[in-house]
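Have a look at the structure below, then the notes.
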Amino acid sequence: MNRTDGAHLSDEQRYALSSRKKEQEWEALCCRCGACCGAFEDPCQHLQKTASGTFICGIYEERFGVQRSVGGREFRCVPIRTILDKYWTHDCLCAYKKQLKNIKEPGCES
Ligand code: SF4
Ligand code: SF4
């Protein structure tokens, strides 16, 4: 029988499991609007639009570090957590910013 309560795991395994779950929950918050990757101005060359109109990163696992936009602008791709206090074009769409501000409605106000 499979155990799902985690009682058979060590403290380290339980911590790793809990961290992974929290990270997945955090990642699931993203609405894939693409705004943080320049979708509404000069997009990152790795930004891809899906058939449903959302955006994905073509190099997601290796995304952090120096990248280049379609227009040739060089910039550094960083974890979204580290730029939530910064402004970017259409950042009003960002689900993380909305959560921080406790905003429920979709889209931009301005
Ligand atoms: S590399 Fe970074 S900026 Fe470029 S699409 Fe991926 S996540 Fe966005
Ligand atoms: S702006 Fe926020 S919600 Fe939109 S793609 Fe970037 S991290 Fe996700």
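Within each chain, counting starts at residue 1; across the structure tokens, chains are named A, B, ... in the order shown, with ligands numbered 1 upward in that order.
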
Give me, as a Markdown table, the closest atom pair and its distance (Å, one decimal) for every residue of chain A within a cut-off of 8 Å of ligand 1, counting only C-alpha atoms and all ligand atoms, rows sorted by chain and rising number.
| residue | atom | partner | partner_atom_place_in_ligand_line | distance |
| --- | --- | --- | --- | --- |
| A:Gly34 | CA | ligand 1 | 8 (Fe) | 7.2 |
| A:Cys36 | CA | ligand 1 | 8 (Fe) | 6.7 |
| A:Cys37 | CA | ligand 1 | 8 (Fe) | 4.1 |
| A:Gly38 | CA | ligand 1 | 3 (S) | 7.3 |
| A:Pro43 | CA | ligand 1 | 5 (S) | 7.7 |
| A:Cys44 | CA | ligand 1 | 4 (Fe) | 4.5 |
| A:Gln45 | CA | ligand 1 | 4 (Fe) | 6.4 |
| A:His46 | CA | ligand 1 | 5 (S) | 4.4 |
| A:Leu47 | CA | ligand 1 | 5 (S) | 3.8 |
| A:Gln48 | CA | ligand 1 | 5 (S) | 7.2 |
| A:Ile56 | CA | ligand 1 | 5 (S) | 6.7 |
| A:Cys57 | CA | ligand 1 | 6 (Fe) | 4.0 |
| A:Gly58 | CA | ligand 1 | 6 (Fe) | 6.2 |
| A:Ile59 | CA | ligand 1 | 6 (Fe) | 5.8 |
| A:Tyr60 | CA | ligand 1 | 6 (Fe) | 5.6 |
| A:Glu62 | CA | ligand 1 | 1 (S) | 7.6 |
| A:Arg63 | CA | ligand 1 | 1 (S) | 4.2 |
| A:Phe64 | CA | ligand 1 | 2 (Fe) | 6.2 |
| A:Gly65 | CA | ligand 1 | 1 (S) | 7.9 |
| A:Gln67 | CA | ligand 1 | 1 (S) | 6.2 |
| A:Arg68 | CA | ligand 1 | 4 (Fe) | 7.7 |
| A:Ser69 | CA | ligand 1 | 4 (Fe) | 7.7 |
| A:Arg76 | CA | ligand 1 | 3 (S) | 7.7 |
| A:Cys77 | CA | ligand 1 | 2 (Fe) | 4.5 |
| A:Val78 | CA | ligand 1 | 2 (Fe) | 7.0 |

Writer output for current selection, C-alpha atoms, as a tab-separated table (two decimals), in the first residue's frame:
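What ended up in result-v5.tsv:
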chain	number	residue	atom	x	y	z
A	34	GLY	CA	4.76	37.27	-21.07
A	36	CYS	CA	8.12	40.24	-17.72
A	37	CYS	CA	9.84	38.84	-20.83
A	38	GLY	CA	9.06	41.89	-22.97
A	43	PRO	CA	10.59	40.56	-26.39
A	44	CYS	CA	13.29	38.17	-25.32
A	45	GLN	CA	14.35	36.04	-28.27
A	46	HIS	CA	13.41	32.93	-26.27
A	47	LEU	CA	9.84	34.00	-25.65
A	48	GLN	CA	7.33	31.86	-27.57
A	56	ILE	CA	6.32	30.25	-22.64
A	57	CYS	CA	10.09	30.38	-22.30
A	58	GLY	CA	11.91	28.26	-24.87
A	59	ILE	CA	14.86	27.65	-22.51
A	60	TYR	CA	13.06	27.61	-19.16
A	62	GLU	CA	18.52	27.42	-18.41
A	63	ARG	CA	16.89	30.85	-18.52
A	64	PHE	CA	18.81	32.75	-15.84
A	65	GLY	CA	21.72	34.91	-16.97
A	67	GLN	CA	19.92	37.02	-22.68
A	68	ARG	CA	19.15	39.06	-25.78
A	69	SER	CA	15.92	40.55	-27.06
A	76	ARG	CA	19.83	39.65	-17.48
A	77	CYS	CA	17.03	37.12	-16.90
A	78	VAL	CA	16.51	36.81	-13.14

Practice problem: Report as a PyMOL selection string which protein, DNA and RNA residues come within 8 Å of ligand 2, using only C-alpha atoms and all ligand atoms. | Solution: chain A and resi 29-37+55-56+80+90-97

Please identify which residues in region 51-83 of chain A DSSP calls strand (DSSP E or B) from the backbone, and express them as a compact mmCIF listing (two decimals) with C-alpha atoms, in the first residue's frame.
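states-v2.txt, written as the output of this step:
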# COMPACT_ATOMS: atom_id res chain seq x y z
CA PHE A 55 3.67 32.76 -23.59
CA ILE A 56 6.32 30.25 -22.64
CA CYS A 57 10.09 30.38 -22.30
CA GLY A 65 21.72 34.91 -16.97
CA VAL A 66 22.47 37.23 -19.87
CA GLN A 67 19.92 37.02 -22.68
CA ARG A 68 19.15 39.06 -25.78
CA SER A 69 15.92 40.55 -27.06
CA GLU A 74 21.16 42.63 -23.84
CA PHE A 75 19.63 42.05 -20.42
CA ARG A 76 19.83 39.65 -17.48
CA CYS A 77 17.03 37.12 -16.90

If you run DSSP on this backbone, which residues of region 12-104 of chain A come out as alpha helix (DSSP H), and could you give them as a compact mmCIF listing (two decimals) with N, CA and C atoms, in the first residue's frame?
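Result saved to result-v5.txt:
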# COMPACT_ATOMS: atom_id res chain seq x y z
N GLU A 12 14.73 15.44 6.31
CA GLU A 12 15.30 16.06 5.10
C GLU A 12 14.40 15.80 3.89
N GLN A 13 13.89 14.57 3.78
CA GLN A 13 13.02 14.23 2.64
C GLN A 13 11.71 15.01 2.72
N ARG A 14 11.19 15.13 3.93
CA ARG A 14 9.94 15.90 4.11
C ARG A 14 10.15 17.37 3.76
N TYR A 15 11.29 17.90 4.16
CA TYR A 15 11.61 19.30 3.85
C TYR A 15 11.72 19.50 2.34
N ALA A 16 12.44 18.55 1.68
CA ALA A 16 12.63 18.66 0.22
C ALA A 16 11.28 18.57 -0.50
N LEU A 17 10.43 17.67 -0.03
CA LEU A 17 9.11 17.48 -0.63
C LEU A 17 8.26 18.74 -0.48
N SER A 18 8.29 19.29 0.73
CA SER A 18 7.51 20.49 1.01
C SER A 18 8.03 21.68 0.19
N SER A 19 9.35 21.80 0.06
CA SER A 19 9.93 22.89 -0.74
C SER A 19 9.52 22.76 -2.19
N ARG A 20 9.56 21.54 -2.71
CA ARG A 20 9.21 21.31 -4.11
C ARG A 20 7.74 21.67 -4.35
N LYS A 21 6.89 21.28 -3.40
CA LYS A 21 5.45 21.57 -3.53
C LYS A 21 5.21 23.07 -3.52
N LYS A 22 5.87 23.77 -2.60
CA LYS A 22 5.72 25.24 -2.52
C LYS A 22 6.20 25.90 -3.81
N GLU A 23 7.32 25.40 -4.37
CA GLU A 23 7.85 25.96 -5.61
C GLU A 23 6.86 25.73 -6.76
N GLN A 24 6.26 24.53 -6.79
CA GLN A 24 5.28 24.23 -7.85
C GLN A 24 4.05 25.14 -7.72
N GLU A 25 3.61 25.37 -6.48
CA GLU A 25 2.46 26.25 -6.25
C GLU A 25 2.79 27.68 -6.70
N TRP A 26 4.02 28.10 -6.39
CA TRP A 26 4.47 29.44 -6.79
C TRP A 26 4.50 29.55 -8.31
N GLU A 27 5.08 28.56 -8.96
CA GLU A 27 5.19 28.58 -10.43
C GLU A 27 3.80 28.56 -11.08
N ALA A 28 2.87 27.86 -10.47
CA ALA A 28 1.52 27.72 -11.04
C ALA A 28 0.76 29.05 -11.01
N LEU A 29 1.21 29.97 -10.17
CA LEU A 29 0.56 31.28 -10.10
C LEU A 29 0.71 32.08 -11.39
N ALA A 95 0.57 38.10 -12.30
CA ALA A 95 -0.19 37.44 -11.24
C ALA A 95 0.51 37.56 -9.88
N TYR A 96 1.84 37.59 -9.88
CA TYR A 96 2.57 37.72 -8.61
C TYR A 96 2.38 39.10 -8.01
N LYS A 97 2.43 40.12 -8.89
CA LYS A 97 2.22 41.49 -8.41
C LYS A 97 0.80 41.65 -7.89
N LYS A 98 -0.15 41.03 -8.62
CA LYS A 98 -1.54 41.13 -8.17
C LYS A 98 -1.71 40.47 -6.81
N GLN A 99 -1.05 39.34 -6.63
CA GLN A 99 -1.17 38.66 -5.34
C GLN A 99 -0.58 39.52 -4.22
N LEU A 100 0.55 40.15 -4.52
CA LEU A 100 1.16 41.03 -3.52
C LEU A 100 0.23 42.16 -3.13
N LYS A 101 -0.47 42.69 -4.16
CA LYS A 101 -1.38 43.82 -3.91
C LYS A 101 -2.77 43.36 -3.56

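Going from CA of Arg73 (chain A) to CA of Thr89 (chain A) covers 15.4 Å.
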
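Rounded to one decimal, CA of Ala51 (chain A) and CA of Gly72 (chain A) lie 25.5 Å from each other.
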